[in-house]
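Undergrad: Quick one: this structure, given as structure tokens, is what I'll be asking you about.
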Amino acid sequence: MRNKRFVNFASNGTSSFLILYLFISILIIGCGKMEKPKDNLVLLPIEDDQTISFKLWFKVGSQNDPKGKEGIAALTADLIAEGSTQTNSYETILDKLYPIAAGYDAKVDKEMTVISGRTHKDNLNEYYTLLTDAILKPAFKQEDFDRIKSNYLNYIEKQLRYASDEELGKAALYGSIFEGTTYNHLTVGSVESIKSITIDDIKKFYKQYYTNKNLLIGISGGFEKTLPEKMEKDLSSLPDTIPQQIDKPKTAPISGYNFLLIEKPCDATAISFGFPINVMRGQDDFFALTLFNSWFGEHRNSSSHLYQVIRELRGMNYGDYSYIETFLHGGYYNVPDPNNARRQQIFEVWLRPVKNENRHFVLRAALRELKNVVDNGMKKEELELTKKFLNKYALNFATTNIKRLGYAIDSKFYGIDSQGDYIELFRRKINEVTLEQVNAAIKKHIQYKNIKFAVVTRDAEQYKKDLIANTPSPIIYATPKSDAVMAEDKLIESFPLDIKPDNIKIVQVEEMFQK
């Protein structure tokens with residue numbers, strides 16, 4: 001959940017690629033290589049930068065939530081970032097941050113909690129005190145606790161269930177794939193688990209995981225050389241303990257097509273599907289699969305293959321995308337946000353909502369395209385075109401110093417020696433990948449026979465019957481289509497799907513994330 005008081009120094013306007021390229025080039029030249037500090041420090045000094053950015057990574061996330069207290073990692077972090085300290089009330093903190101145009105927020109994922117902030121260096125002293133007080137002296141006041149708990153419950157009960165079918169479907173997919181593991185639940189927990197958390201639970205969790213030995217300090221911008229040492233010394237007053245590590249989640253094997261149908265009175269159907277993949281950022285196969293994924297379904301890219309087949313040629317929805325790494329809040333972001341690093345990823349396809357009567361056809365179309373690329377691989381011209389696109393597009397991933405710092409911290413998580421510039425490493429690596437490597441990686445990691453699906457739709461019972469019966473799904477267009485499209489549609493509408501009755505589960509929307 002995003003902290004609205006974080007001030008973004010970057011412009012929201014869209015600049016030309018040339019201006020962006022020059023900016024990034026100047027920024028990289030000004031930075032040089034990342035300094036080689038201690039293992040618990042990531043430093044990106046930029047001499048002429050008038051701002052200083054901080055990212056404090058505590059190695060804890062929702063995977064560390066105790067059973068029955070799911071959501072406590074997120075709640076603890078938000079109480080630190082959006083609550084009072086022993087020195088100042090929350091209202092006073094906001095009053096002090098506003099005139100210096102600064103702020104800090106918390107981001108919690110499965111394995112990471114990152115407190116991020118930025119300030120102009122002229123205001124560093126005042127800002128630094130507020131930031132370190134939030135970490136070292138959280139007050140955990142009842143009124144802050146009640147406010148944030150209420151926000152969490154509203155998010156699940158009103159927003160996720162009833163205002164965002166796409167996010168609902170994606171969250172349901174992750175819960176299904178990671179059922180029985182520490183990745184299973186929402187970061188914010190469930191309705192019942194949130195209600196069960198007490199302030200004493202928060203204090204215990206904070207003491208256990210917010211420790212000096214569980215922290216990595218990241219700083220970028222125009223900071224003095226003495227700042228990292230000062231921050232390290234000041235935060236050393238945290239407990240000097242190492243929390244017990246959580247094992248990587250082990251997902252259960254998927255056999256055939258498994259559907260979770262979420263019954264909801266909606267006019268359009270949101271579809272997400274996927275399966276676990278054993279590929280980590282930095283590995284050779286990761287860069288090969290990145291090229292495949294960019295061609296197949298790059299997020300928000302109208303030239304990607306799925307988008308062309310479903311949206312461009314047939315006008316069936318707003319877009320169709322695929323992922324080999326977690327992409328949070330895809331409805332709001334055009335490029336991935338750093339600090340969602342995970343040891344276990346999935347291959348995921350997100351089909352944006354389609355008319356209910358077209359749900360079966362669109363599902364078949366996406367699976368048919370997946371089968372085609374797995375069976376036949378990519379072509380040389382497709383790969384070369386994707387390389388050219390991605391080599392330039394990657395410059396959008398980290399257009400600010402705080403995002404570059406975020407990627408540098410992710411590199412620490414994955415054990416990548418990126419020298420403080422992961423984006424440049426990424427661009428170099430994808431240019432080195434061959435067609436043979438891409439197609440070998442597709443064969444090794446991507447498949448179309450054992451998949452989990454999460455579908456938010458109306459009249460789920462009828463959809464279940466259609467899926468089981470393998471009912472043909474012809475489509476009627478409002479405007480004429482080409483002969484080539486119509487001929488292909490005949491193949492799509494009867495594309496075989498072998499789905500067993502026991503592999504389809506229907507859940508009412510009000511039951512989602514209740515326990």
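Simple scheme: letters A, B, ... for chains in structure tokens order, numbers from 1 for residues in each chain, numbers from 1 for ligands in the order shown.
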May I have the residues within 8 Å of Leu313 in chain A as a list in words, using only C-alpha atoms and disregarding those fewer than 4 positions away in the same chain?
TA: Gln308, Val309 and Val485 of chain A
Undergrad: For range 407-421 of chain A, work out the shell of residues within 10 Å, counting only C-alpha atoms and skipping chain neighbours fewer than 3 positions away, then give it as number ranges by chain.
TA: A: 28, 31-36, 39-44, 55-57, 59, 111-112, 114, 216-218, 280-283, 337-343, 397-398, 401-404, 424-426
Undergrad: For the residues selected in the previous step, produce a file with N, CA and C atoms as a tab-separated table (two decimals), in the first residue's frame.
TA:
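selection-v1.tsv, written as the output of this step:
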chain	number	residue	atom	x	y	z
A	28	ILE	N	24.86	8.34	-15.56
A	28	ILE	CA	25.78	7.21	-15.41
A	28	ILE	C	27.22	7.69	-15.38
A	31	CYS	N	28.01	9.21	-12.12
A	31	CYS	CA	28.07	8.28	-10.99
A	31	CYS	C	29.38	7.51	-10.96
A	32	GLY	N	29.89	7.15	-12.13
A	32	GLY	CA	31.01	6.22	-12.13
A	32	GLY	C	30.53	4.88	-11.63
A	33	LYS	N	31.41	4.09	-11.10
A	33	LYS	CA	31.04	2.77	-10.59
A	33	LYS	C	30.67	2.88	-9.11
A	34	MET	N	29.84	1.92	-8.69
A	34	MET	CA	29.44	1.89	-7.31
A	34	MET	C	30.66	1.63	-6.42
A	35	GLU	N	30.72	2.37	-5.32
A	35	GLU	CA	31.79	2.12	-4.36
A	35	GLU	C	31.65	0.72	-3.79
A	36	LYS	N	32.76	0.17	-3.33
A	36	LYS	CA	32.73	-1.18	-2.76
A	36	LYS	C	32.76	-1.06	-1.25
A	39	ASP	N	29.40	-5.26	3.30
A	39	ASP	CA	28.29	-6.06	2.77
A	39	ASP	C	26.93	-5.48	3.14
A	40	ASN	N	26.88	-4.68	4.21
A	40	ASN	CA	25.60	-4.13	4.65
A	40	ASN	C	25.37	-2.71	4.13
A	41	LEU	N	26.17	-2.28	3.13
A	41	LEU	CA	26.02	-0.95	2.56
A	41	LEU	C	25.97	-1.04	1.03
A	42	VAL	N	25.10	-0.23	0.41
A	42	VAL	CA	25.10	-0.02	-1.03
A	42	VAL	C	25.15	1.48	-1.24
A	43	LEU	N	26.22	1.98	-1.85
A	43	LEU	CA	26.42	3.41	-2.00
A	43	LEU	C	26.57	3.78	-3.46
A	44	LEU	N	25.79	4.77	-3.91
A	44	LEU	CA	25.87	5.29	-5.26
A	44	LEU	C	26.08	6.80	-5.19
A	55	LYS	N	17.47	3.98	0.94
A	55	LYS	CA	16.69	2.74	0.95
A	55	LYS	C	17.26	1.85	2.04
A	56	LEU	N	16.44	1.55	3.02
A	56	LEU	CA	16.85	0.71	4.14
A	56	LEU	C	16.13	-0.63	4.00
A	57	TRP	N	16.88	-1.65	3.62
A	57	TRP	CA	16.31	-2.97	3.36
A	57	TRP	C	16.45	-3.85	4.60
A	59	LYS	N	15.60	-7.51	5.93
A	59	LYS	CA	15.42	-8.80	5.28
A	59	LYS	C	14.28	-9.58	5.93
A	111	GLU	N	9.69	-11.15	0.53
A	111	GLU	CA	10.97	-11.35	1.20
A	111	GLU	C	11.68	-10.06	1.56
A	112	MET	N	11.10	-8.93	1.24
A	112	MET	CA	11.78	-7.66	1.45
A	112	MET	C	10.87	-6.64	2.13
A	114	VAL	N	11.41	-2.53	2.55
A	114	VAL	CA	12.32	-1.43	2.21
A	114	VAL	C	11.68	-0.11	2.61
A	216	LEU	N	20.30	-3.77	5.51
A	216	LEU	CA	21.25	-3.25	4.53
A	216	LEU	C	20.88	-1.79	4.27
A	217	ILE	N	21.87	-0.91	4.33
A	217	ILE	CA	21.66	0.52	4.15
A	217	ILE	C	22.07	0.91	2.73
A	218	GLY	N	21.16	1.56	2.00
A	218	GLY	CA	21.46	2.06	0.67
A	218	GLY	C	21.33	3.58	0.62
A	280	MET	N	16.25	-17.37	-11.93
A	280	MET	CA	16.49	-16.21	-11.08
A	280	MET	C	17.19	-15.13	-11.89
A	281	ARG	N	16.90	-13.89	-11.56
A	281	ARG	CA	17.58	-12.77	-12.20
A	281	ARG	C	19.10	-12.92	-12.08
A	282	GLY	N	19.79	-12.67	-13.17
A	282	GLY	CA	21.25	-12.80	-13.20
A	282	GLY	C	21.73	-14.07	-13.88
A	283	GLN	N	20.89	-15.11	-13.91
A	283	GLN	CA	21.27	-16.35	-14.57
A	283	GLN	C	21.17	-16.18	-16.09
A	337	ASP	N	8.78	-1.95	-10.90
A	337	ASP	CA	9.32	-1.23	-9.77
A	337	ASP	C	10.30	-2.15	-9.05
A	338	PRO	N	11.46	-1.65	-8.62
A	338	PRO	CA	12.41	-2.53	-7.92
A	338	PRO	C	11.94	-2.89	-6.52
A	339	ASN	N	12.69	-3.80	-5.90
A	339	ASN	CA	12.49	-4.23	-4.51
A	339	ASN	C	11.28	-5.12	-4.31
A	340	ASN	N	11.05	-6.01	-5.30
A	340	ASN	CA	10.11	-7.14	-5.14
A	340	ASN	C	10.88	-8.45	-5.31
A	341	ALA	N	12.14	-8.46	-4.95
A	341	ALA	CA	12.99	-9.63	-5.22
A	341	ALA	C	12.45	-10.87	-4.51
A	342	ARG	N	12.43	-11.98	-5.24
A	342	ARG	CA	11.92	-13.25	-4.70
A	342	ARG	C	12.80	-14.40	-5.17
A	343	ARG	N	12.89	-15.42	-4.35
A	343	ARG	CA	13.66	-16.61	-4.71
A	343	ARG	C	12.85	-17.56	-5.59
A	397	PHE	N	13.58	1.83	-17.11
A	397	PHE	CA	13.39	1.09	-15.87
A	397	PHE	C	13.91	1.86	-14.65
A	398	ALA	N	14.95	2.65	-14.83
A	398	ALA	CA	15.55	3.34	-13.67
A	398	ALA	C	15.94	4.75	-14.08
A	401	ASN	N	17.61	8.37	-9.49
A	401	ASN	CA	18.66	7.78	-8.66
A	401	ASN	C	18.11	6.82	-7.62
A	402	ILE	N	16.92	7.11	-7.12
A	402	ILE	CA	16.36	6.22	-6.09
A	402	ILE	C	15.97	4.87	-6.71
A	403	LYS	N	15.57	4.86	-7.98
A	403	LYS	CA	15.28	3.58	-8.63
A	403	LYS	C	16.57	2.83	-8.94
A	404	ARG	N	17.62	3.55	-9.34
A	404	ARG	CA	18.90	2.90	-9.56
A	404	ARG	C	19.39	2.26	-8.26
A	424	GLU	N	22.60	-1.23	-17.16
A	424	GLU	CA	23.64	-1.35	-18.18
A	424	GLU	C	24.07	-2.81	-18.32
A	425	LEU	N	24.19	-3.52	-17.20
A	425	LEU	CA	24.49	-4.96	-17.24
A	425	LEU	C	23.41	-5.71	-18.00
A	426	PHE	N	22.16	-5.39	-17.72
A	426	PHE	CA	21.01	-6.02	-18.37
A	426	PHE	C	21.08	-5.83	-19.88
Undergrad: What's the 7 Å shell around range 372-383 of chain A, counting only C-alpha atoms, without same-chain residues fewer than 3 positions away, as a ChimeraX atom specification?
TA: /A:368-369,386-387,435,439,442-443,446-447
Undergrad: Mind dumping the selected residues with C-alpha atoms as a compact mmCIF listing (two decimals), in the first residue's frame?
TA:
# COMPACT_ATOMS: atom_id res chain seq x y z
CA ARG A 368 -2.76 -21.58 -28.55
CA GLU A 369 -0.15 -18.84 -28.94
CA THR A 386 13.10 -7.57 -29.66
CA LYS A 387 16.74 -6.96 -28.79
CA LEU A 435 18.56 -17.46 -30.81
CA ASN A 439 14.70 -21.28 -27.74
CA ILE A 442 11.81 -21.63 -23.70
CA LYS A 443 11.91 -25.43 -24.05
CA ILE A 446 8.02 -22.65 -20.44
CA GLN A 447 5.25 -25.18 -21.03
Undergrad: Counting only C-alpha atoms, figure out which residue out of A:Ile246, A:Leu131, A:Ile156, A:Leu497 gets nearest to Met512 in chain A.
TA: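 Closest candidate: A:Ile156.
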Undergrad: In Å, rounded to a single decimal, give me how far CA of Ala139 in chain A is from CA of Ser84 in chain A.
TA: 5.5 Å
Undergrad: Which residues in range 157-303 of chain A does DSSP call helix (DSSP H, G or I)? List them as a VMD selection string.
TA: chain A and resid 157 to 162 165 to 177 191 to 196 199 to 209 212 to 214 226 to 235 284 to 297
Undergrad: Kindly indicate which residue among A:Tyr98, A:Tyr90, A:Tyr174, A:Tyr162 lies nearest to Asp144 in chain A, using only C-alpha atoms for the distances.
TA: A:Tyr90
Undergrad: Skipping near chain neighbours, those fewer than 6 positions away, what residues fall within 12 Å of Asn64 in chain A using only C-alpha atoms, listed as an mmCIF file with N, CA, C and O atoms, in the first residue's frame?
TA:
data_model
loop_
_atom_site.group_PDB
_atom_site.id
_atom_site.type_symbol
_atom_site.label_atom_id
_atom_site.label_comp_id
_atom_site.auth_asym_id
_atom_site.auth_seq_id
_atom_site.Cartn_x
_atom_site.Cartn_y
_atom_site.Cartn_z
ATOM 1 N N PHE A 58 15.297 -4.152 5.200
ATOM 2 C CA PHE A 58 15.241 -5.149 6.271
ATOM 3 C C PHE A 58 14.842 -6.476 5.641
ATOM 4 O O PHE A 58 13.864 -6.543 4.888
ATOM 5 N N GLU A 70 -1.139 -13.235 9.542
ATOM 6 C CA GLU A 70 -0.729 -12.801 8.208
ATOM 7 C C GLU A 70 -1.052 -11.316 8.012
ATOM 8 O O GLU A 70 -2.154 -10.874 8.330
ATOM 9 N N GLY A 71 -0.082 -10.579 7.493
ATOM 10 C CA GLY A 71 -0.235 -9.140 7.328
ATOM 11 C C GLY A 71 0.577 -8.339 8.320
ATOM 12 O O GLY A 71 0.704 -7.117 8.192
ATOM 13 N N ILE A 72 1.176 -9.022 9.296
ATOM 14 C CA ILE A 72 1.876 -8.296 10.360
ATOM 15 C C ILE A 72 3.155 -7.628 9.853
ATOM 16 O O ILE A 72 3.522 -6.549 10.328
ATOM 17 N N ALA A 73 3.835 -8.225 8.878
ATOM 18 C CA ALA A 73 5.049 -7.586 8.339
ATOM 19 C C ALA A 73 4.693 -6.262 7.680
ATOM 20 O O ALA A 73 5.371 -5.243 7.891
ATOM 21 N N ALA A 74 3.636 -6.255 6.877
ATOM 22 C CA ALA A 74 3.208 -5.026 6.206
ATOM 23 C C ALA A 74 2.704 -4.000 7.212
ATOM 24 O O ALA A 74 3.018 -2.806 7.118
ATOM 25 N N THR A 76 3.490 -3.686 10.375
ATOM 26 C CA THR A 76 4.612 -3.143 11.147
ATOM 27 C C THR A 76 5.337 -2.070 10.351
ATOM 28 O O THR A 76 5.636 -0.979 10.867
ATOM 29 N N VAL A 108 6.569 -3.461 1.349
ATOM 30 C CA VAL A 108 6.744 -4.828 1.852
ATOM 31 C C VAL A 108 6.314 -5.811 0.778
ATOM 32 O O VAL A 108 5.233 -5.676 0.192
ATOM 33 N N ASP A 109 7.173 -6.790 0.504
ATOM 34 C CA ASP A 109 6.834 -7.867 -0.420
ATOM 35 C C ASP A 109 7.076 -9.190 0.306
ATOM 36 O O ASP A 109 7.197 -9.216 1.538
ATOM 37 N N LYS A 110 7.159 -10.272 -0.416
ATOM 38 C CA LYS A 110 7.294 -11.586 0.203
ATOM 39 C C LYS A 110 8.571 -11.702 1.041
ATOM 40 O O LYS A 110 8.560 -12.290 2.120
ATOM 41 N N GLU A 111 9.690 -11.147 0.527
ATOM 42 C CA GLU A 111 10.967 -11.351 1.202
ATOM 43 C C GLU A 111 11.685 -10.061 1.565
ATOM 44 O O GLU A 111 12.778 -10.118 2.140
ATOM 45 N N MET A 112 11.102 -8.931 1.239
ATOM 46 C CA MET A 112 11.784 -7.660 1.455
ATOM 47 C C MET A 112 10.870 -6.645 2.134
ATOM 48 O O MET A 112 9.679 -6.581 1.836
ATOM 49 N N THR A 113 11.453 -5.873 3.033
ATOM 50 C CA THR A 113 10.828 -4.658 3.546
ATOM 51 C C THR A 113 11.820 -3.530 3.314
ATOM 52 O O THR A 113 12.949 -3.589 3.802
ATOM 53 N N THR A 181 2.332 -22.599 1.065
ATOM 54 C CA THR A 181 3.686 -22.077 1.247
ATOM 55 C C THR A 181 3.627 -20.710 1.923
ATOM 56 O O THR A 181 2.561 -20.126 2.129
ATOM 57 N N THR A 182 4.803 -20.170 2.227
ATOM 58 C CA THR A 182 4.879 -18.854 2.869
ATOM 59 C C THR A 182 4.575 -17.710 1.904
ATOM 60 O O THR A 182 4.433 -16.566 2.334
ATOM 61 N N TYR A 183 4.468 -17.998 0.604
ATOM 62 C CA TYR A 183 4.085 -16.986 -0.388
ATOM 63 C C TYR A 183 2.571 -16.947 -0.598
ATOM 64 O O TYR A 183 2.079 -16.152 -1.393
ATOM 65 N N ASN A 184 1.840 -17.791 0.082
ATOM 66 C CA ASN A 184 0.432 -18.028 -0.230
ATOM 67 C C ASN A 184 -0.468 -16.812 -0.042
ATOM 68 O O ASN A 184 -1.326 -16.529 -0.871
ATOM 69 N N HIS A 185 -0.288 -16.068 1.023
ATOM 70 C CA HIS A 185 -1.262 -15.043 1.393
ATOM 71 C C HIS A 185 -0.909 -13.666 0.843
ATOM 72 O O HIS A 185 0.218 -13.394 0.442
ATOM 73 N N THR A 187 0.088 -9.826 0.914
ATOM 74 C CA THR A 187 1.034 -9.116 1.783
ATOM 75 C C THR A 187 0.314 -8.470 2.955
ATOM 76 O O THR A 187 0.837 -8.445 4.076
ATOM 77 N N GLY A 189 -2.337 -9.622 4.315
ATOM 78 C CA GLY A 189 -3.014 -10.634 5.114
ATOM 79 C C GLY A 189 -4.425 -10.905 4.645
ATOM 80 O O GLY A 189 -4.801 -10.621 3.500
ATOM 81 N N PHE A 205 7.109 -8.431 16.756
ATOM 82 C CA PHE A 205 7.612 -8.629 15.392
ATOM 83 C C PHE A 205 8.719 -7.625 15.093
ATOM 84 O O PHE A 205 9.757 -7.980 14.501
ATOM 85 N N TYR A 206 8.513 -6.386 15.477
ATOM 86 C CA TYR A 206 9.517 -5.337 15.264
ATOM 87 C C TYR A 206 10.826 -5.698 15.973
ATOM 88 O O TYR A 206 11.910 -5.606 15.388
ATOM 89 N N GLN A 208 11.919 -8.584 16.761
ATOM 90 C CA GLN A 208 12.511 -9.796 16.210
ATOM 91 C C GLN A 208 13.206 -9.558 14.873
ATOM 92 O O GLN A 208 14.278 -10.138 14.619
ATOM 93 N N TYR A 209 12.632 -8.702 14.033
ATOM 94 C CA TYR A 209 13.138 -8.586 12.655
ATOM 95 C C TYR A 209 13.805 -7.254 12.321
ATOM 96 O O TYR A 209 14.574 -7.190 11.361
ATOM 97 N N PRO A 243 17.738 -12.891 12.733
ATOM 98 C CA PRO A 243 16.517 -13.710 12.751
ATOM 99 C C PRO A 243 16.709 -15.026 12.008
ATOM 100 O O PRO A 243 17.563 -15.145 11.125
ATOM 101 N N GLN A 244 15.908 -16.008 12.362
ATOM 102 C CA GLN A 244 15.947 -17.296 11.683
ATOM 103 C C GLN A 244 15.494 -17.131 10.238
ATOM 104 O O GLN A 244 14.531 -16.432 9.933
ATOM 105 N N GLN A 245 16.224 -17.760 9.313
ATOM 106 C CA GLN A 245 15.916 -17.639 7.899
ATOM 107 C C GLN A 245 14.767 -18.570 7.498
ATOM 108 O O GLN A 245 14.606 -19.657 8.043
ATOM 109 N N ILE A 246 13.985 -18.117 6.530
ATOM 110 C CA ILE A 246 12.853 -18.884 5.997
ATOM 111 C C ILE A 246 13.291 -19.595 4.720
ATOM 112 O O ILE A 246 13.942 -19.006 3.858
ATOM 113 N N ASP A 247 12.945 -20.873 4.607
ATOM 114 C CA ASP A 247 13.304 -21.630 3.402
ATOM 115 C C ASP A 247 12.534 -21.113 2.186
ATOM 116 O O ASP A 247 11.427 -20.574 2.307
ATOM 117 N N LYS A 248 13.124 -21.302 1.025
ATOM 118 C CA LYS A 248 12.461 -20.977 -0.236
ATOM 119 C C LYS A 248 11.177 -21.808 -0.342
ATOM 120 O O LYS A 248 11.169 -22.990 -0.019
ATOM 121 N N PRO A 249 10.079 -21.202 -0.794
ATOM 122 C CA PRO A 249 8.825 -21.960 -0.879
ATOM 123 C C PRO A 249 8.917 -23.095 -1.889
ATOM 124 O O PRO A 249 9.527 -22.955 -2.953
#
Undergrad: Neighbours of range 232-236 of chain A within 8 Å (only C-alpha atoms; same-chain residues fewer than 5 positions away dropped), as a list of chain:residue names?
TA: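 Here the qualifying residues turn out to be A:Thr132, A:Leu136, A:Asn212, A:Ile217.
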Undergrad: My list of candidates is A:Ile148, A:Ile506, A:Ala81, A:Val438. Which is closest to Ser116 in chain A when distances are computed with only C-alpha atoms?
TA: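 Selected residue with least distance to Ser116 in chain A: A:Ala81.
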Undergrad: Choose the residue, out of A:Ala252, A:Val456, A:Ile277, A:Ile194, that has the smallest atom-to-atom separation from Phe178 in chain A; count only C-alpha atoms.
TA: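 Closest candidate: A:Ala252.
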